[in-house]
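Trainee: So here's start28.txt (compact mmCIF, C-alpha atoms).
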```txt
# COMPACT_ATOMS: atom_id res chain seq x y z
CA GLY A 1 0.00 0.00 0.00
CA ASP A 2 0.88 3.66 -0.11
CA SER A 3 3.35 4.86 2.49
CA VAL A 4 5.62 7.73 3.48
CA THR A 5 9.01 7.48 5.15
CA GLN A 6 10.72 10.48 6.62
CA MET A 7 13.91 10.90 8.58
CA GLU A 8 13.74 10.56 12.30
CA GLY A 9 14.48 13.48 14.51
CA PRO A 10 15.10 15.47 16.34
CA VAL A 11 17.06 17.64 13.98
CA THR A 12 19.00 20.21 15.94
CA LEU A 13 20.45 23.24 14.16
CA SER A 14 21.86 26.63 14.92
CA GLU A 15 20.08 29.68 13.57
CA GLU A 16 20.91 30.43 9.91
CA ALA A 17 21.98 26.82 9.23
CA PHE A 18 20.80 24.91 6.15
CA LEU A 19 17.96 22.47 6.68
CA THR A 20 17.13 19.25 4.86
CA ILE A 21 14.46 16.82 6.03
CA ASN A 22 14.28 13.73 3.86
CA CYS A 23 11.00 12.22 2.71
CA THR A 24 10.43 9.29 0.38
CA TYR A 25 7.17 7.70 -0.64
CA THR A 26 5.64 4.57 -2.12
CA ALA A 27 2.45 4.99 -4.09
CA THR A 28 0.39 3.67 -6.93
CA GLY A 29 -1.11 6.17 -9.29
CA TYR A 30 -0.26 9.87 -9.20
CA PRO A 31 -0.38 11.21 -5.68
CA SER A 32 0.06 14.77 -4.51
CA LEU A 33 2.74 15.44 -1.91
CA PHE A 34 2.54 17.78 1.04
CA TRP A 35 4.56 19.13 3.91
CA TYR A 36 2.58 20.07 6.99
CA VAL A 37 4.00 21.85 10.03
CA GLN A 38 2.86 21.55 13.63
CA TYR A 39 3.93 24.28 16.02
CA PRO A 40 3.86 23.50 19.74
CA GLY A 41 0.33 23.12 21.06
CA GLU A 42 -1.28 23.65 17.67
CA GLY A 43 -2.86 21.66 14.90
CA LEU A 44 -1.21 20.94 11.59
CA GLN A 45 -1.09 23.56 8.89
CA LEU A 46 -0.09 23.21 5.28
CA LEU A 47 3.42 24.43 4.58
CA LEU A 48 3.68 23.57 0.88
CA LYS A 49 2.52 21.08 -1.70
CA ALA A 50 3.27 19.71 -5.16
CA THR A 51 0.72 17.97 -7.32
CA LYS A 52 2.79 16.42 -10.10
CA ALA A 53 6.29 15.27 -10.95
CA ASP A 54 8.96 18.01 -11.09
CA ASP A 55 6.68 20.54 -9.37
CA LYS A 56 8.37 22.62 -6.72
CA GLY A 57 6.36 23.75 -3.75
CA SER A 58 7.59 26.73 -1.76
CA ASN A 59 6.47 28.86 1.17
CA LYS A 60 8.14 30.94 3.90
CA GLY A 61 11.59 30.11 2.51
CA PHE A 62 10.95 26.36 2.51
CA GLU A 63 11.09 24.36 -0.72
CA ALA A 64 10.49 20.81 -1.83
CA THR A 65 10.58 19.26 -5.30
CA TYR A 66 8.44 16.29 -6.34
CA ARG A 67 10.97 13.78 -7.73
CA LYS A 68 9.22 10.85 -9.33
CA GLU A 69 12.44 9.11 -10.36
CA THR A 70 13.67 8.93 -6.77
CA THR A 71 10.18 8.94 -5.18
CA SER A 72 11.27 11.77 -2.91
CA PHE A 73 9.99 15.11 -1.63
CA HIS A 74 12.76 16.45 0.57
CA LEU A 75 12.15 19.66 2.51
CA GLU A 76 14.86 22.33 2.42
CA LYS A 77 15.44 25.80 3.78
CA GLY A 78 18.55 27.84 3.26
CA SER A 79 18.63 29.63 6.62
CA VAL A 80 16.50 28.46 9.54
CA GLN A 81 15.22 30.66 12.33
CA VAL A 82 14.33 29.87 15.92
CA SER A 83 10.69 30.39 14.96
CA ASP A 84 10.95 27.42 12.56
CA SER A 85 11.18 25.05 15.52
CA ALA A 86 8.26 22.65 15.06
CA VAL A 87 7.36 19.15 13.94
CA TYR A 88 7.29 18.65 10.17
CA PHE A 89 5.17 15.99 8.51
CA CYS A 90 5.52 14.74 4.98
CA ALA A 91 2.24 13.44 3.57
CA LEU A 92 0.88 11.81 0.44
CA GLY A 93 -2.57 12.66 -0.88
CA THR A 94 -4.66 10.00 -2.54
CA ASP A 95 -7.54 10.39 -4.94
CA THR A 96 -10.02 9.75 -2.12
CA ASP A 97 -8.62 12.78 -0.28
CA LYS A 98 -7.00 10.54 2.29
CA LEU A 99 -3.68 11.80 3.60
CA ILE A 100 -0.99 9.29 4.48
CA PHE A 101 1.52 10.80 6.88
CA GLY A 102 5.09 10.11 7.76
CA THR A 103 6.00 9.84 11.41
CA GLY A 104 7.07 13.47 11.71
CA THR A 105 10.46 15.11 12.25
CA ARG A 106 11.03 17.48 15.14
CA LEU A 107 13.22 20.47 14.29
CA GLN A 108 14.88 22.42 17.07
CA VAL A 109 16.69 25.62 16.16
CA PHE A 110 18.91 27.32 18.71
CA PRO A 111 20.08 30.94 18.63
CA GLU B 1 -12.39 33.40 10.19
CA ALA B 2 -12.25 30.09 8.35
CA GLN B 3 -11.52 27.38 10.86
CA VAL B 4 -12.05 23.92 12.25
CA THR B 5 -12.96 23.85 15.92
CA GLN B 6 -12.79 20.94 18.32
CA ASN B 7 -14.08 20.53 21.85
CA PRO B 8 -12.91 19.78 24.39
CA ARG B 9 -9.21 20.54 23.93
CA TYR B 10 -8.22 18.38 26.88
CA LEU B 11 -10.09 15.50 28.47
CA ILE B 12 -9.22 13.02 31.17
CA THR B 13 -11.69 10.20 31.64
CA VAL B 14 -11.93 6.65 32.95
CA THR B 15 -12.24 3.36 31.15
CA GLY B 16 -15.73 2.64 29.88
CA LYS B 17 -17.24 6.12 30.27
CA LYS B 18 -18.74 7.17 26.95
CA LEU B 19 -17.49 10.42 25.51
CA THR B 20 -17.93 12.60 22.43
CA VAL B 21 -15.43 14.96 20.88
CA THR B 22 -17.11 17.56 18.72
CA CYS B 23 -15.75 18.94 15.45
CA SER B 24 -17.18 21.79 13.44
CA GLN B 25 -16.02 23.62 10.31
CA ASN B 26 -17.30 26.88 8.81
CA MET B 27 -15.84 26.51 5.31
CA ASN B 28 -18.70 24.53 3.75
CA HIS B 29 -16.33 21.64 3.10
CA GLU B 30 -17.66 18.35 1.83
CA TYR B 31 -14.94 16.17 3.32
CA MET B 32 -14.18 15.70 7.00
CA SER B 33 -11.89 13.29 8.76
CA TRP B 34 -10.59 12.24 12.15
CA TYR B 35 -6.97 11.34 12.87
CA ARG B 36 -5.09 10.23 15.92
CA GLN B 37 -1.48 11.18 16.52
CA ASP B 38 0.80 8.92 18.50
CA PRO B 39 4.56 9.20 19.07
CA GLY B 40 6.55 7.41 16.40
CA LEU B 41 3.43 6.64 14.35
CA GLY B 42 2.54 9.99 12.84
CA LEU B 43 -1.13 10.61 12.13
CA ARG B 44 -3.46 7.77 11.31
CA GLN B 45 -6.93 8.15 9.92
CA ILE B 46 -9.80 6.88 12.07
CA TYR B 47 -12.90 7.70 10.00
CA TYR B 48 -13.78 10.02 7.19
CA SER B 49 -16.87 11.43 5.54
CA MET B 50 -17.25 12.61 1.98
CA ASN B 51 -20.67 14.15 2.54
CA VAL B 52 -23.65 14.24 4.86
CA GLU B 53 -24.75 10.76 5.88
CA VAL B 54 -21.73 9.22 4.12
CA THR B 55 -18.99 7.92 6.39
CA ASP B 56 -16.33 5.26 6.01
CA LYS B 57 -13.60 3.60 8.03
CA GLY B 58 -10.02 4.77 7.92
CA ASP B 59 -7.01 2.78 9.02
CA VAL B 60 -7.74 2.52 12.76
CA PRO B 61 -11.55 2.61 13.28
CA GLU B 62 -11.85 0.04 16.08
CA GLY B 63 -13.43 1.49 19.21
CA TYR B 64 -14.72 4.65 17.51
CA LYS B 65 -17.96 5.82 15.94
CA VAL B 66 -18.81 8.90 13.93
CA SER B 67 -21.88 10.54 12.48
CA ARG B 68 -22.41 13.22 9.85
CA LYS B 69 -25.94 14.57 10.21
CA GLU B 70 -24.99 18.08 9.16
CA LYS B 71 -22.35 19.23 6.74
CA ARG B 72 -20.48 21.33 9.27
CA ASN B 73 -20.30 18.84 12.16
CA PHE B 74 -18.49 15.53 12.49
CA PRO B 75 -18.41 14.27 16.09
CA LEU B 76 -16.16 11.42 17.21
CA ILE B 77 -17.75 9.04 19.70
CA LEU B 78 -15.96 6.63 22.01
CA GLU B 79 -18.66 4.33 23.39
CA SER B 80 -16.38 2.56 25.87
CA PRO B 81 -12.97 4.20 25.99
CA SER B 82 -9.92 2.16 26.89
CA PRO B 83 -6.38 3.26 27.87
CA ASN B 84 -5.03 2.41 24.39
CA GLN B 85 -7.19 5.24 23.05
CA THR B 86 -5.13 7.76 24.98
CA SER B 87 -3.89 9.98 22.19
CA LEU B 88 -3.99 13.36 20.48
CA TYR B 89 -6.95 13.61 18.12
CA PHE B 90 -7.32 15.92 15.14
CA CYS B 91 -10.33 16.71 13.04
CA ALA B 92 -9.75 17.95 9.50
CA SER B 93 -11.84 19.15 6.57
CA SER B 94 -11.26 19.83 2.90
CA PRO B 95 -13.18 20.82 -0.23
CA TRP B 96 -13.28 17.33 -1.69
CA THR B 97 -13.12 16.98 -5.44
CA SER B 98 -13.83 13.59 -6.95
CA GLY B 99 -10.66 11.88 -8.10
CA ALA B 100 -8.37 14.69 -6.97
CA SER B 101 -5.44 14.18 -4.65
CA TYR B 102 -4.40 17.80 -4.27
CA ASN B 103 -6.91 19.23 -1.84
CA GLU B 104 -5.41 20.84 1.25
CA GLN B 105 -6.83 19.60 4.52
CA PHE B 106 -7.51 22.11 7.28
CA PHE B 107 -6.90 20.85 10.79
CA GLY B 108 -8.47 21.66 14.12
CA PRO B 109 -6.29 22.47 17.15
CA GLY B 110 -6.44 18.95 18.55
CA THR B 111 -7.98 17.20 21.54
CA ARG B 112 -5.66 15.54 24.01
CA LEU B 113 -7.48 12.55 25.51
CA THR B 114 -6.27 10.54 28.48
CA VAL B 115 -8.14 7.38 29.44
CA LEU B 116 -7.28 6.05 32.90
```
Go through the file and emit its structure as structure tokens.
Mentor:
Amino acid sequence: GDSVTQMEGPVTLSEEAFLTINCTYTATGYPSLFWYVQYPGEGLQLLLKATKADDKGSNKGFEATYRKETTSFHLEKGSVQVSDSAVYFCALGTDTDKLIFGTGTRLQVFP
Amino acid sequence: EAQVTQNPRYLITVTGKKLTVTCSQNMNHEYMSWYRQDPGLGLRQIYYSMNVEVTDKGDVPEGYKVSRKEKRNFPLILESPSPNQTSLYFCASSPWTSGASYNEQFFGPGTRLTVL
């Protein structure tokens, strides 16, 4: 069945460091791919998405490219801030609107 | 403000005492869903609904019930809660489009349930 695998955390970085959180997927058909972010004590909110191969999603300095050949959707940011500290979830969207989530990666950014 | 609301936000109860977690959305979305979030497991879908009076099981439906009598509301019912249902629960909604995989889901703030 469809699944998402993302790197385990926590990821600990200093402010202004480069961030990569790896995400790979297994799916039949043509899924959409999402990154959701969960700030402490809050629900999930969409960070970015890509709906077809080679699409790049971007928002708030974060980027991810839908790579069909490597079945990946890695999240990157060139310079992280303390305010980026959160849990990041990679997710796959199916044609029944179901979201299949990875296990989440906690990012901690220190000044 | 467009939002998904859940109540209560925190609940501590005892085994076997029936409870309901309410979920409401004001975006006129067709699709609503319940997830539970557990450490190391991410979010797993419990039940979903594509429209009023249409509900279906997700990946972990055992021990839960739902109903969709109105478009905006999608309560989650635990008839006889057990300690293994201690978790963080999220309700979500989206403007479902048949055959599409790209719809963003909007999440509520979560309900932290502890069953003793």
Trainee: Measure the distance from CA of Lys49 in chain A to CA of Glu76 in chain A in Å and round it to one decimal.
Mentor: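 A separation of 13.1 Å between them.
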Trainee: Which residue, A:Gln38, A:Ser72, A:Ser14, A:Thr96, has the smallest gap to chain B when you use all atoms listed in the file?
Mentor: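 Smallest distance to chain B is found for A:Thr96.
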Trainee: Once you count only C-alpha atoms, which residues of chain A turn out to be within 9 Å of chain B? Could you give them as a list in words?
Mentor: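 Result, ordered by chain then number: Glu8, Tyr30, Pro31, Ser32, Leu33, Phe34, Gly41, Glu42, Gly43, Leu44, Gln45, Leu46, Lys49, Ala50, Thr51, Phe89, Leu92, Gly93, Thr94, Asp95, Thr96, Asp97, Lys98, Leu99, Ile100, Phe101, Gly102, Thr103 and Gly104 of chain A.
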Trainee: Write out, as a compact mmCIF listing (two decimals), in the frame of the given file, the residues just selected, with C-alpha atoms.
Mentor:
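To be explicit, this is the file written out as out14.txt:
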```txt
# COMPACT_ATOMS: atom_id res chain seq x y z
CA GLU A 8 13.74 10.56 12.30
CA TYR A 30 -0.26 9.87 -9.20
CA PRO A 31 -0.38 11.21 -5.68
CA SER A 32 0.06 14.77 -4.51
CA LEU A 33 2.74 15.44 -1.91
CA PHE A 34 2.54 17.78 1.04
CA GLY A 41 0.33 23.12 21.06
CA GLU A 42 -1.28 23.65 17.67
CA GLY A 43 -2.86 21.66 14.90
CA LEU A 44 -1.21 20.94 11.59
CA GLN A 45 -1.09 23.56 8.89
CA LEU A 46 -0.09 23.21 5.28
CA LYS A 49 2.52 21.08 -1.70
CA ALA A 50 3.27 19.71 -5.16
CA THR A 51 0.72 17.97 -7.32
CA PHE A 89 5.17 15.99 8.51
CA LEU A 92 0.88 11.81 0.44
CA GLY A 93 -2.57 12.66 -0.88
CA THR A 94 -4.66 10.00 -2.54
CA ASP A 95 -7.54 10.39 -4.94
CA THR A 96 -10.02 9.75 -2.12
CA ASP A 97 -8.62 12.78 -0.28
CA LYS A 98 -7.00 10.54 2.29
CA LEU A 99 -3.68 11.80 3.60
CA ILE A 100 -0.99 9.29 4.48
CA PHE A 101 1.52 10.80 6.88
CA GLY A 102 5.09 10.11 7.76
CA THR A 103 6.00 9.84 11.41
CA GLY A 104 7.07 13.47 11.71
```
Trainee: At a cut-off of 9 Å, using only C-alpha atoms, what residues contact Lys68 in chain A? Leave out same-chain residues fewer than 6 positions from it and give the result as a PDB file with C-alpha atoms, in the frame of the given file.
Mentor:
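Saved the output as part_24.pdb:
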```pdb
ATOM      1  CA  LYS A  52       2.790  16.420 -10.100  1.00  0.00           C
ATOM      2  CA  ALA A  53       6.290  15.270 -10.950  1.00  0.00           C
ATOM      3  CA  ASP A  54       8.960  18.010 -11.090  1.00  0.00           C
TER       4      ASP A  54
END
```
Trainee: One decimal, in Å: what's the spacing between CA of Tyr25 in chain A and CA of His74 in chain A?
Mentor: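 If I compute the distance from CA of Tyr25 in chain A to CA of His74 in chain A, I get 10.5 Å.
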Trainee: One decimal, in Å: what's the spacing between CA of Lys65 in chain B and CA of Ile77 in chain B?
Mentor: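 These two atoms are separated by 5.0 Å.
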